[in-house]
file coords.pdb (PDB, C-alpha atoms)
ATOM      1  CA  MET A1294      82.363  52.768 -44.918
ATOM      2  CA  PHE A1295      81.897  50.621 -48.022
ATOM      3  CA  ASP A1296      84.107  48.458 -50.186
ATOM      4  CA  ILE A1297      82.660  48.554 -53.711
ATOM      5  CA  ILE A1298      83.653  45.367 -55.549
ATOM      6  CA  GLY A1299      83.656  44.888 -59.320
ATOM      7  CA  ASP A1300      82.323  42.157 -61.611
ATOM      8  CA  ILE A1301      83.362  38.711 -60.328
ATOM      9  CA  HIS A1302      82.071  36.366 -63.072
ATOM     10  CA  GLY A1303      82.601  33.163 -61.145
ATOM     11  CA  HIS A1304      86.142  33.833 -59.912
ATOM     12  CA  ALA A1305      85.536  32.861 -56.295
ATOM     13  CA  ASP A1306      89.227  32.388 -55.486
ATOM     14  CA  LYS A1307      89.976  35.974 -56.513
ATOM     15  CA  LEU A1308      86.967  37.169 -54.521
ATOM     16  CA  GLU A1309      88.161  35.451 -51.353
ATOM     17  CA  ALA A1310      91.679  36.798 -51.870
ATOM     18  CA  LEU A1311      90.345  40.343 -52.297
ATOM     19  CA  LEU A1312      88.072  40.122 -49.253
ATOM     20  CA  GLN A1313      90.944  38.813 -47.136
ATOM     21  CA  LYS A1314      93.256  41.558 -48.432
ATOM     22  CA  MET A1315      90.684  44.124 -47.248
ATOM     23  CA  GLY A1316      90.402  42.580 -43.785
ATOM     24  CA  TYR A1317      87.225  40.515 -44.151
ATOM     25  CA  GLU A1318      87.186  37.296 -42.132
ATOM     26  CA  GLN A1319      85.020  34.192 -42.014
ATOM     27  CA  HIS A1320      82.372  34.518 -39.321
ATOM     28  CA  LYS A1321      79.629  31.934 -38.821
ATOM     29  CA  GLY A1322      79.935  30.717 -42.390
ATOM     30  CA  HIS A1323      80.249  34.054 -44.182
ATOM     31  CA  TYR A1324      82.798  36.805 -44.736
ATOM     32  CA  ALA A1325      82.370  39.976 -42.700
ATOM     33  CA  HIS A1326      84.320  43.043 -41.634
ATOM     34  CA  ALA A1327      84.090  44.528 -38.155
ATOM     35  CA  GLU A1328      83.721  48.114 -39.407
ATOM     36  CA  ARG A1329      82.885  48.001 -43.129
ATOM     37  CA  LYS A1330      80.308  46.634 -45.572
ATOM     38  CA  ALA A1331      80.886  45.257 -49.053
ATOM     39  CA  LEU A1332      78.831  46.452 -51.999
ATOM     40  CA  PHE A1333      78.880  44.105 -55.006
ATOM     41  CA  ILE A1334      78.229  45.831 -58.299
ATOM     42  CA  GLY A1335      76.731  42.815 -60.155
ATOM     43  CA  ASP A1336      77.743  40.114 -62.671
ATOM     44  CA  TYR A1337      78.441  37.184 -60.364
ATOM     45  CA  ILE A1338      77.783  34.478 -62.958
ATOM     46  CA  ASP A1339      78.928  33.277 -66.418
ATOM     47  CA  ARG A1340      82.459  32.793 -67.800
ATOM     48  CA  GLY A1341      84.369  31.812 -64.633
ATOM     49  CA  PRO A1342      85.252  28.419 -63.090
ATOM     50  CA  LYS A1343      83.553  28.788 -59.681
ATOM     51  CA  ILE A1344      80.149  30.350 -60.238
ATOM     52  CA  ARG A1345      78.296  28.394 -57.556
ATOM     53  CA  GLU A1346      80.990  29.219 -55.005
ATOM     54  CA  THR A1347      80.843  32.909 -55.949
ATOM     55  CA  LEU A1348      77.091  32.988 -55.473
ATOM     56  CA  GLN A1349      77.387  31.227 -52.122
ATOM     57  CA  ILE A1350      79.909  33.796 -50.871
ATOM     58  CA  VAL A1351      77.950  36.831 -52.071
ATOM     59  CA  ARG A1352      74.528  35.576 -50.988
ATOM     60  CA  SER A1353      75.708  34.536 -47.515
ATOM     61  CA  MET A1354      77.228  37.984 -46.996
ATOM     62  CA  VAL A1355      74.030  39.729 -48.123
ATOM     63  CA  GLU A1356      71.798  37.564 -45.945
ATOM     64  CA  SER A1357      73.995  38.228 -42.886
ATOM     65  CA  ASP A1358      73.963  42.010 -43.576
ATOM     66  CA  ALA A1359      77.702  42.068 -44.300
ATOM     67  CA  ALA A1360      77.092  43.190 -47.900
ATOM     68  CA  ILE A1361      74.722  44.674 -50.443
ATOM     69  CA  ALA A1362      74.530  43.048 -53.879
ATOM     70  CA  LEU A1363      73.198  44.812 -56.980
ATOM     71  CA  MET A1364      71.868  43.168 -60.118
ATOM     72  CA  GLY A1365      74.132  43.000 -63.152
ATOM     73  CA  ASN A1366      73.132  42.471 -66.753
ATOM     74  CA  HIS A1367      74.233  38.816 -66.542
ATOM     75  CA  GLU A1368      71.806  38.159 -63.671
ATOM     76  CA  TYR A1369      69.057  39.985 -65.564
ATOM     77  CA  ASN A1370      69.846  37.992 -68.705
ATOM     78  CA  ALA A1371      69.719  34.753 -66.712
ATOM     79  CA  ILE A1372      66.272  35.658 -65.401
ATOM     80  CA  CYS A1373      65.032  36.380 -68.926
ATOM     81  CA  PHE A1374      66.696  33.211 -70.253
ATOM     82  CA  HIS A1375      64.708  31.311 -67.613
ATOM     83  CA  PHE A1376      61.335  33.103 -67.993
ATOM     84  CA  PRO A1377      58.916  31.611 -70.577
ATOM     85  CA  GLU A1378      57.077  33.821 -73.043
ATOM     86  CA  THR A1379      53.314  33.460 -73.214
ATOM     87  CA  GLU A1380      53.573  32.599 -76.931
ATOM     88  CA  GLY A1381      56.305  30.009 -76.367
ATOM     89  CA  GLY A1382      60.053  30.309 -76.047
ATOM     90  CA  HIS A1383      61.728  32.542 -73.454
ATOM     91  CA  LEU A1384      62.152  36.257 -72.846
ATOM     92  CA  ARG A1385      65.837  35.863 -73.723
ATOM     93  CA  LYS A1386      65.935  33.712 -76.821
ATOM     94  CA  HIS A1387      67.736  30.382 -76.601
ATOM     95  CA  GLU A1388      69.948  31.261 -79.547
ATOM     96  CA  ILE A1389      73.494  29.939 -79.891
ATOM     97  CA  LYS A1390      75.032  33.292 -78.867
ATOM     98  CA  ASN A1391      72.940  33.473 -75.694
ATOM     99  CA  ILE A1392      73.428  29.806 -74.812
ATOM    100  CA  LEU A1393      77.197  30.202 -75.101
ATOM    101  CA  GLN A1394      77.141  33.250 -72.829
ATOM    102  CA  HIS A1395      75.342  31.244 -70.118
ATOM    103  CA  TYR A1396      77.086  27.946 -70.817
ATOM    104  CA  ALA A1397      79.556  28.019 -67.904
ATOM    105  CA  THR A1398      76.728  28.757 -65.456
ATOM    106  CA  LEU A1399      74.423  26.057 -66.826
ATOM    107  CA  GLU A1400      77.246  23.491 -66.859
ATOM    108  CA  GLN A1401      78.214  24.177 -63.249
ATOM    109  CA  PHE A1402      74.600  23.785 -62.134
ATOM    110  CA  GLN A1403      74.169  20.506 -64.011
ATOM    111  CA  ASN A1404      72.004  18.114 -61.933
ATOM    112  CA  ARG A1405      71.355  20.993 -59.520
ATOM    113  CA  GLN A1406      68.182  22.410 -61.054
ATOM    114  CA  GLN A1407      66.528  23.215 -57.734
ATOM    115  CA  GLU A1408      69.598  25.100 -56.535
ATOM    116  CA  TYR A1409      69.770  27.008 -59.827
ATOM    117  CA  ASP A1410      66.065  27.907 -59.665
ATOM    118  CA  GLY A1411      66.653  29.193 -56.140
ATOM    119  CA  TYR A1412      69.335  31.551 -57.381
ATOM    120  CA  ILE A1413      67.090  32.784 -60.199
ATOM    121  CA  ASP A1414      64.551  33.705 -57.508
ATOM    122  CA  TRP A1415      67.335  35.345 -55.477
ATOM    123  CA  PHE A1416      68.427  37.429 -58.477
ATOM    124  CA  LYS A1417      64.968  39.008 -58.455
ATOM    125  CA  THR A1418      65.654  40.336 -54.925
ATOM    126  CA  LEU A1419      68.732  42.263 -56.085
ATOM    127  CA  PRO A1420      68.186  46.032 -56.427
ATOM    128  CA  LEU A1421      69.176  47.706 -59.679
ATOM    129  CA  PHE A1422      70.864  50.664 -57.982
ATOM    130  CA  TYR A1423      71.926  51.996 -54.600
ATOM    131  CA  GLU A1424      72.194  55.521 -53.226
ATOM    132  CA  ASN A1425      72.910  57.086 -49.847
ATOM    133  CA  ASP A1426      73.926  60.569 -48.759
ATOM    134  CA  HIS A1427      77.502  60.095 -49.958
ATOM    135  CA  PHE A1428      77.575  58.002 -53.147
ATOM    136  CA  ARG A1429      75.666  56.124 -55.830
ATOM    137  CA  ALA A1430      76.206  52.673 -57.290
ATOM    138  CA  VAL A1431      74.797  50.902 -60.338
ATOM    139  CA  HIS A1432      75.950  48.116 -62.613
ATOM    140  CA  ALA A1433      76.427  50.074 -65.851
ATOM    141  CA  CYS A1434      74.916  53.575 -66.055
ATOM    142  CA  TRP A1435      73.434  56.182 -63.728
ATOM    143  CA  ASP A1436      71.033  58.281 -65.782
ATOM    144  CA  LYS A1437      68.903  60.634 -63.646
ATOM    145  CA  GLY A1438      65.807  60.233 -65.811
ATOM    146  CA  HIS A1439      66.041  56.443 -65.917
ATOM    147  CA  ILE A1440      66.676  56.163 -62.179
ATOM    148  CA  ALA A1441      63.689  58.428 -61.448
ATOM    149  CA  LEU A1442      61.482  56.219 -63.630
ATOM    150  CA  LEU A1443      62.750  53.061 -61.934
ATOM    151  CA  ARG A1444      62.238  54.521 -58.467
ATOM    152  CA  GLY A1445      58.600  55.114 -59.313
ATOM    153  CA  VAL A1446      58.008  51.606 -60.634
ATOM    154  CA  LEU A1447      60.247  49.158 -58.779
ATOM    155  CA  SER A1448      59.594  47.783 -55.306
ATOM    156  CA  ASN A1449      62.622  48.617 -53.125
ATOM    157  CA  GLY A1450      64.618  48.925 -56.333
ATOM    158  CA  CYS A1451      63.821  45.338 -57.394
ATOM    159  CA  LEU A1452      61.982  43.679 -60.275
ATOM    160  CA  ASN A1453      58.956  41.432 -59.791
ATOM    161  CA  ASP A1454      57.634  38.913 -62.314
ATOM    162  CA  GLN A1455      55.220  41.356 -63.959
ATOM    163  CA  LEU A1456      57.929  44.000 -64.336
ATOM    164  CA  ILE A1457      60.347  41.441 -65.787
ATOM    165  CA  TYR A1458      57.862  40.759 -68.574
ATOM    166  CA  GLU A1459      57.318  44.503 -69.052
ATOM    167  CA  SER A1460      61.069  45.132 -69.161
ATOM    168  CA  ALA A1461      61.475  42.767 -72.112
ATOM    169  CA  LYS A1462      59.052  44.732 -74.336
ATOM    170  CA  LYS A1463      61.408  46.428 -76.773
ATOM    171  CA  GLY A1464      61.017  50.113 -77.474
ATOM    172  CA  GLY A1465      59.238  51.208 -74.303
ATOM    173  CA  LEU A1466      60.591  53.699 -71.781
ATOM    174  CA  PHE A1467      60.813  51.032 -69.094
ATOM    175  CA  ASN A1468      62.752  48.717 -71.405
ATOM    176  CA  LEU A1469      65.145  51.573 -72.263
ATOM    177  CA  ALA A1470      65.650  52.420 -68.582
ATOM    178  CA  ILE A1471      66.487  48.790 -67.767
ATOM    179  CA  GLU A1472      68.767  48.395 -70.786
ATOM    180  CA  ASP A1473      70.767  51.552 -70.105
ATOM    181  CA  THR A1474      70.971  50.991 -66.345
ATOM    182  CA  LEU A1475      72.231  47.403 -66.637
ATOM    183  CA  LYS A1476      74.030  47.463 -69.994
ATOM    184  CA  GLY A1477      75.105  51.068 -70.491
ATOM    185  CA  LYS A1478      74.358  53.693 -73.113
ATOM    186  CA  GLU A1479      75.329  53.027 -76.700
ATOM    187  CA  LEU A1480      75.813  55.147 -79.799
ATOM    188  CA  ILE A1481      75.278  54.066 -83.407
ATOM    189  CA  LEU A1482      78.396  54.380 -85.535
ATOM    190  CA  PRO A1483      78.134  56.638 -88.587
ATOM    191  CA  GLY A1484      77.681  55.178 -92.067
ATOM    192  CA  GLN A1485      78.255  51.447 -92.429
ATOM    193  CA  ILE A1486      81.091  51.249 -89.883
ATOM    194  CA  LYS A1487      81.147  48.144 -87.677
ATOM    195  CA  TYR A1488      83.587  46.616 -85.229
ATOM    196  CA  LYS A1489      84.185  43.134 -83.848
ATOM    197  CA  ASP A1490      83.538  42.751 -80.118
ATOM    198  CA  ALA A1491      85.426  40.484 -77.698
ATOM    199  CA  ASP A1492      83.122  37.562 -78.514
ATOM    200  CA  GLY A1493      83.629  37.921 -82.277
ATOM    201  CA  HIS A1494      80.279  39.554 -83.059
ATOM    202  CA  TYR A1495      80.162  42.485 -85.496
ATOM    203  CA  ARG A1496      78.363  45.494 -84.067
ATOM    204  CA  SER A1497      77.327  48.919 -85.283
ATOM    205  CA  GLU A1498      76.542  50.219 -81.776
ATOM    206  CA  TYR A1499      79.187  50.731 -79.113
ATOM    207  CA  ARG A1500      79.362  51.627 -75.434
ATOM    208  CA  ILE A1501      79.950  55.277 -74.610
ATOM    209  CA  LYS A1502      81.162  57.311 -71.641
ATOM    210  CA  TRP A1503      77.789  58.399 -70.289
ATOM    211  CA  TRP A1504      79.476  60.753 -67.827
ATOM    212  CA  GLU A1505      80.871  62.922 -70.648
ATOM    213  CA  ASP A1506      79.074  65.760 -72.418
ATOM    214  CA  PRO A1507      78.567  64.321 -75.942
ATOM    215  CA  THR A1508      78.558  67.791 -77.494
ATOM    216  CA  ARG A1509      82.206  68.166 -76.436
ATOM    217  CA  MET A1510      83.302  64.728 -77.696
ATOM    218  CA  ASN A1511      83.717  62.920 -80.995
ATOM    219  CA  TYR A1512      82.790  59.353 -81.953
ATOM    220  CA  LYS A1513      86.222  58.048 -80.921
ATOM    221  CA  SER A1514      86.803  59.977 -77.695
ATOM    222  CA  ILE A1515      83.397  59.106 -76.228
ATOM    223  CA  ALA A1516      83.958  55.353 -76.662
ATOM    224  CA  VAL A1517      84.619  53.390 -73.465
ATOM    225  CA  GLU A1518      86.816  50.934 -75.391
ATOM    226  CA  ALA A1519      89.740  52.040 -77.545
ATOM    227  CA  LEU A1520      88.350  50.786 -80.862
ATOM    228  CA  LYS A1521      90.548  51.363 -83.913
ATOM    229  CA  THR A1522      87.657  51.387 -86.386
ATOM    230  CA  ILE A1523      85.880  54.337 -84.772
ATOM    231  CA  PRO A1524      86.554  57.634 -86.580
ATOM    232  CA  GLU A1525      87.448  60.943 -84.939
ATOM    233  CA  LEU A1526      84.389  62.619 -86.420
ATOM    234  CA  PRO A1527      82.032  65.038 -84.666
ATOM    235  CA  ILE A1528      79.011  63.258 -83.206
ATOM    236  CA  ASP A1529      75.759  63.750 -85.088
ATOM    237  CA  PRO A1530      73.881  66.146 -82.735
ATOM    238  CA  ILE A1531      70.552  64.500 -83.566
ATOM    239  CA  SER A1532      71.803  61.150 -82.239
ATOM    240  CA  VAL A1533      72.568  62.640 -78.795
ATOM    241  CA  SER A1534      69.781  65.218 -78.630
ATOM    242  CA  GLY A1535      68.458  65.435 -75.070
ATOM    243  CA  THR A1536      71.078  63.005 -73.752
ATOM    244  CA  ASP A1537      71.739  63.359 -70.050
ATOM    245  CA  TYR A1538      75.284  63.015 -68.731
ATOM    246  CA  TYR A1539      76.805  62.779 -65.254
ATOM    247  CA  ASN A1540      78.476  66.071 -64.458
ATOM    248  CA  GLN A1541      81.367  66.987 -62.188
ATOM    249  CA  ASN A1542      79.161  68.342 -59.390
ATOM    250  CA  GLU A1543      77.282  65.097 -58.711
ATOM    251  CA  LYS A1544      78.154  62.815 -55.788
ATOM    252  CA  PRO A1545      80.596  59.957 -56.566
ATOM    253  CA  VAL A1546      79.157  57.101 -58.612
ATOM    254  CA  PHE A1547      80.520  53.548 -58.826
ATOM    255  CA  PHE A1548      79.810  50.996 -61.546
ATOM    256  CA  GLY A1549      81.243  47.920 -63.283
ATOM    257  CA  HIS A1550      80.402  46.285 -66.619
ATOM    258  CA  TYR A1551      82.993  47.780 -68.975
ATOM    259  CA  TRP A1552      85.881  45.272 -69.031
ATOM    260  CA  LEU A1553      88.582  47.878 -68.460
ATOM    261  CA  GLN A1554      92.211  46.852 -68.927
ATOM    262  CA  GLY A1555      95.449  47.374 -67.030
ATOM    263  CA  GLN A1556      96.012  48.781 -63.568
ATOM    264  CA  PRO A1557      92.812  50.148 -61.971
ATOM    265  CA  PHE A1558      92.354  53.891 -62.326
ATOM    266  CA  LEU A1559      89.742  56.620 -61.840
ATOM    267  CA  TYR A1560      88.077  58.260 -64.828
ATOM    268  CA  ARG A1561      87.342  61.360 -62.794
ATOM    269  CA  ASP A1562      87.268  62.303 -59.109
ATOM    270  CA  ASN A1563      83.567  61.377 -58.958
ATOM    271  CA  ILE A1564      83.561  58.555 -61.569
ATOM    272  CA  CYS A1565      84.829  55.084 -60.672
ATOM    273  CA  CYS A1566      84.510  51.882 -62.698
ATOM    274  CA  VAL A1567      85.585  48.801 -60.725
ATOM    275  CA  ASP A1568      85.422  46.215 -63.531
ATOM    276  CA  PHE A1569      88.958  45.386 -64.634
ATOM    277  CA  SER A1570      88.309  42.159 -66.535
ATOM    278  CA  VAL A1571      89.004  39.442 -63.977
ATOM    279  CA  ALA A1572      87.351  36.974 -66.378
ATOM    280  CA  LYS A1573      89.755  37.976 -69.170
ATOM    281  CA  MET A1574      93.136  37.689 -67.439
ATOM    282  CA  GLY A1575      92.648  40.996 -65.616
ATOM    283  CA  VAL A1576      92.231  41.771 -61.911
ATOM    284  CA  LEU A1577      89.360  41.839 -59.445
ATOM    285  CA  ALA A1578      89.169  45.413 -58.174
ATOM    286  CA  ALA A1579      87.450  47.344 -55.412
ATOM    287  CA  TYR A1580      87.283  50.903 -54.130
ATOM    288  CA  ARG A1581      87.443  51.496 -50.357
ATOM    289  CA  PHE A1582      85.009  54.371 -49.800
ATOM    290  CA  ASP A1583      85.000  56.358 -46.548
ATOM    291  CA  GLY A1584      82.618  59.182 -47.358
ATOM    292  CA  GLU A1585      85.003  61.417 -49.299
ATOM    293  CA  LYS A1586      83.524  63.814 -51.851
ATOM    294  CA  VAL A1587      86.600  63.587 -54.056
ATOM    295  CA  LEU A1588      87.666  60.046 -54.936
ATOM    296  CA  GLU A1589      91.305  59.062 -54.480
ATOM    297  CA  SER A1590      93.255  56.684 -56.725
ATOM    298  CA  ASP A1591      95.162  55.143 -53.826
ATOM    299  CA  LYS A1592      91.890  53.775 -52.408
ATOM    300  CA  LEU A1593      91.606  51.334 -55.310
ATOM    301  CA  VAL A1594      92.729  47.800 -54.374
ATOM    302  CA  TRP A1595      92.945  44.656 -56.479
ATOM    303  CA  VAL A1596      94.170  41.074 -56.721
TER     304      VAL A1596
END
call {"tool": "encode", "arguments": {"input": "coords.pdb", "output": "structure tokens"}}
result
Amino acid sequence: MFDIIGDIHGHADKLEALLQKMGYEQHKGHYAHAERKALFIGDYIDRGPKIRETLQIVRSMVESDAAIALMGNHEYNAICFHFPETEGGHLRKHEIKNILQHYATLEQFQNRQQEYDGYIDWFKTLPLFYENDHFRAVHACWDKGHIALLRGVLSNGCLNDQLIYESAKKGGLFNLAIEDTLKGKELILPGQIKYKDADGHYRSEYRIKWWEDPTRMNYKSIAVEALKTIPELPIDPISVSGTDYYNQNEKPVFFGHYWLQGQPFLYRDNICCVDFSVAKMGVLAAYRFDGEKVLESDKLVWV
């Protein structure tokens, strides 16, 4: 029995409230449940007011076997922001956009460099995906081909230093597998169409519903976000040629990442996103999984 918890982004107070609502109690310095285990879907850092406290809660639960924690794209980005390139600079460039994304984390670890470095090392122990006989979990996207590649390369689902450097090499299959798994699949908009994202950046690529058959969708309907500038045009078949999608017959899959709005809901009876934008005036959500093959909306909880 698992409680799959969405992106926290430094909102430790909400995390404690959610854990308590689900019956978790403090035990020897960490939260635990007598009969259940928490599974955190990633993105513990950046944006929120209590990042250190969030990490302390999650890590203590993992180390006491009360939880499993997956890597999110923000933890991966933090690793790359920290890792030096051989030619100088860092794997994740220290550009203004990237600095601003990490700013809340860096500020809250001010004068705590050793503690911060310890968490960077801990991030490398976080697996990129989880699967058992009943369900799957990943931060952004479960693509069978990518997961198979990662299984063959990663050690217990985790990155080591050599693989971190390999993952940052743009254009390779390993880089693509990491990018899609942690950041989701994207589609290029037709023509010169662009849209402004939540951080004010103009983009020509947008996040898509990777569990939908792209040949049955159009550019607008396959978008995760309801973007006004996206046209209801048929998708260029060349752009989605060979694209895998998560069909109705697969076991339930849980993920975060997508900043959904409003009251938590299920996309499908085997598709559950648990990120409902706690860092943007939304809620912190979880799904209470008990082995069912068909997911149930009333098993979503939030604070």
call {"tool": "resolve_selection", "arguments": {"input": "coords.pdb", "expression": "the PyMOL selection byres ((chain A and resi 1354) around 12)", "output": "MDAnalysis selection string"}}
result
chainID A and resid 1312 1317:1326 1330:1333 1347:1353 1355:1362
call {"tool": "closest_residue", "arguments": {"input": "coords.pdb", "among": "A:Glu1518, A:Glu1525, A:Glu1479, A:Asp1492", "to": "Lys1573 in chain A", "atoms": "all atoms listed in the file"}}
result
A:Asp1492
call {"tool": "closest_residue", "arguments": {"input": "coords.pdb", "among": "A:Trp1504, A:Phe1548, A:Phe1467, A:Tyr1369", "to": "Tyr1423 in chain A", "atoms": "only C-alpha atoms"}}
result
A:Phe1548
call {"tool": "resolve_selection", "arguments": {"input": "coords.pdb", "expression": "the PyMOL selection byres ((chain A and resi 1485) around 12)", "output": "list of chain:residue names"}}
result
A:Ile1481, A:Leu1482, A:Pro1483, A:Gly1484, A:Ile1486, A:Lys1487, A:Tyr1488, A:Tyr1495, A:Arg1496, A:Ser1497, A:Glu1498, A:Thr1522, A:Ile1523, A:Pro1524
call {"tool": "resolve_selection", "arguments": {"input": "coords.pdb", "expression": "the PyMOL selection byres ((chain A and resi 1587) around 9)", "output": "PyMOL selection string"}}
result
chain A and resi 1544-1545+1562-1563+1584-1586+1588-1589
call {"tool": "atom_distance", "arguments": {"input": "coords.pdb", "atom1": "CA of Gly1438 in chain A", "atom2": "CA of Thr1474 in chain A"}}
result
10.6 Å
call {"tool": "residues_around", "arguments": {"input": "coords.pdb", "residues": "range 1506-1510 of chain A", "least_positions_apart": "2", "cutoff": "12 Å", "atoms": "all atoms listed in the file", "output": "PyMOL selection string"}}
result
chain A and resi 1478-1480+1501-1504+1512-1516+1524-1541
call {"tool": "residues_around", "arguments": {"input": "coords.pdb", "residues": "His1395 in chain A", "least_positions_apart": "2", "cutoff": "8 Å", "atoms": "all atoms listed in the file", "output": "PyMOL selection string"}}
result
chain A and resi 1339-1340+1371+1391-1393+1397-1399
call {"tool": "residues_around", "arguments": {"input": "coords.pdb", "residues": "Ile1372 in chain A", "least_positions_apart": "4", "cutoff": "9 Å", "atoms": "all atoms listed in the file", "output": "PDB file with C-alpha atoms, in the coordinates of the input"}}
result
ATOM      1  CA  HIS A1367      74.233  38.816 -66.542  1.00  0.00           C
ATOM      2  CA  GLU A1368      71.806  38.159 -63.671  1.00  0.00           C
ATOM      3  CA  PHE A1376      61.335  33.103 -67.993  1.00  0.00           C
ATOM      4  CA  LEU A1384      62.152  36.257 -72.846  1.00  0.00           C
ATOM      5  CA  ARG A1385      65.837  35.863 -73.723  1.00  0.00           C
ATOM      6  CA  ILE A1413      67.090  32.784 -60.199  1.00  0.00           C
ATOM      7  CA  ASP A1414      64.551  33.705 -57.508  1.00  0.00           C
ATOM      8  CA  PHE A1416      68.427  37.429 -58.477  1.00  0.00           C
ATOM      9  CA  LYS A1417      64.968  39.008 -58.455  1.00  0.00           C
ATOM     10  CA  ILE A1457      60.347  41.441 -65.787  1.00  0.00           C
TER      11      ILE A1457
END
call {"tool": "residues_around", "arguments": {"input": "coords.pdb", "residues": "Gly1450 in chain A", "least_positions_apart": "6", "cutoff": "8 Å", "atoms": "all atoms listed in the file", "output": "PyMOL selection string"}}
result
chain A and resi 1419-1422+1443-1444
call {"tool": "axis_aligned_box", "arguments": {"input": "coords.pdb", "around": "range 1315-1334 of chain A", "padding_each_side": "3 Å", "output": "lines of an AutoDock Vina configuration file"}}
result
center_x = 84.5
center_y = 39.4
center_z = -48.2
size_x = 18.5
size_y = 23.4
size_z = 26.1
call {"tool": "closest_residue", "arguments": {"input": "coords.pdb", "among": "A:Arg1500, A:Pro1557, A:Cys1434, A:Gly1316", "to": "Val1576 in chain A", "atoms": "only C-alpha atoms"}}
result
A:Pro1557
call {"tool": "residues_around", "arguments": {"input": "coords.pdb", "residues": "Met1574 in chain A", "least_positions_apart": "3", "cutoff": "12 Å", "atoms": "all atoms listed in the file", "output": "number ranges by chain"}}
result
A: 1302, 1304, 1307, 1340-1341, 1552-1555, 1569-1571, 1577, 1596
call {"tool": "closest_residue", "arguments": {"input": "coords.pdb", "among": "A:Ala1441, A:Ala1433, A:Ile1389, A:Cys1373", "to": "Asp1454 in chain A", "atoms": "only C-alpha atoms"}}
result
A:Cys1373
call {"tool": "closest_residue", "arguments": {"input": "coords.pdb", "among": "A:Phe1558, A:Tyr1396, A:Tyr1458, A:Tyr1551", "to": "Gly1365 in chain A", "atoms": "only C-alpha atoms"}}
result
A:Tyr1551
call {"tool": "atom_distance", "arguments": {"input": "coords.pdb", "atom1": "CA of Glu1472 in chain A", "atom2": "CA of Trp1415 in chain A"}}
result
20.2 Å
call {"tool": "atom_distance", "arguments": {"input": "coords.pdb", "atom1": "CA of Glu1459 in chain A", "atom2": "CA of Thr1379 in chain A"}}
result
12.5 Å
call {"tool": "closest_residue", "arguments": {"input": "coords.pdb", "among": "A:Lys1463, A:Gln1455, A:Arg1329, A:Asp1336", "to": "Ile1301 in chain A", "atoms": "all atoms listed in the file"}}
result
A:Asp1336
call {"tool": "decode", "arguments": {"input": "coords.pdb", "residues": "range 1332-1344 of chain A", "atoms": "C-alpha atoms", "output": "tab-separated table (two decimals), in the first residue's frame"}}
result
chain	number	residue	atom	x	y	z
A	1332	LEU	CA	6.45	7.35	-2.63
A	1333	PHE	CA	7.67	10.85	-3.51
A	1334	ILE	CA	7.56	11.63	-7.20
A	1335	GLY	CA	10.41	14.21	-7.25
A	1336	ASP	CA	10.93	18.00	-7.28
A	1337	TYR	CA	11.62	18.67	-3.61
A	1338	ILE	CA	13.62	21.87	-4.16
A	1339	ASP	CA	13.35	25.35	-5.74
A	1340	ARG	CA	10.55	27.95	-5.50
A	1341	GLY	CA	9.20	27.26	-1.99
A	1342	PRO	CA	9.99	28.80	1.43
A	1343	LYS	CA	11.14	25.68	3.31
A	1344	ILE	CA	13.40	23.70	1.00
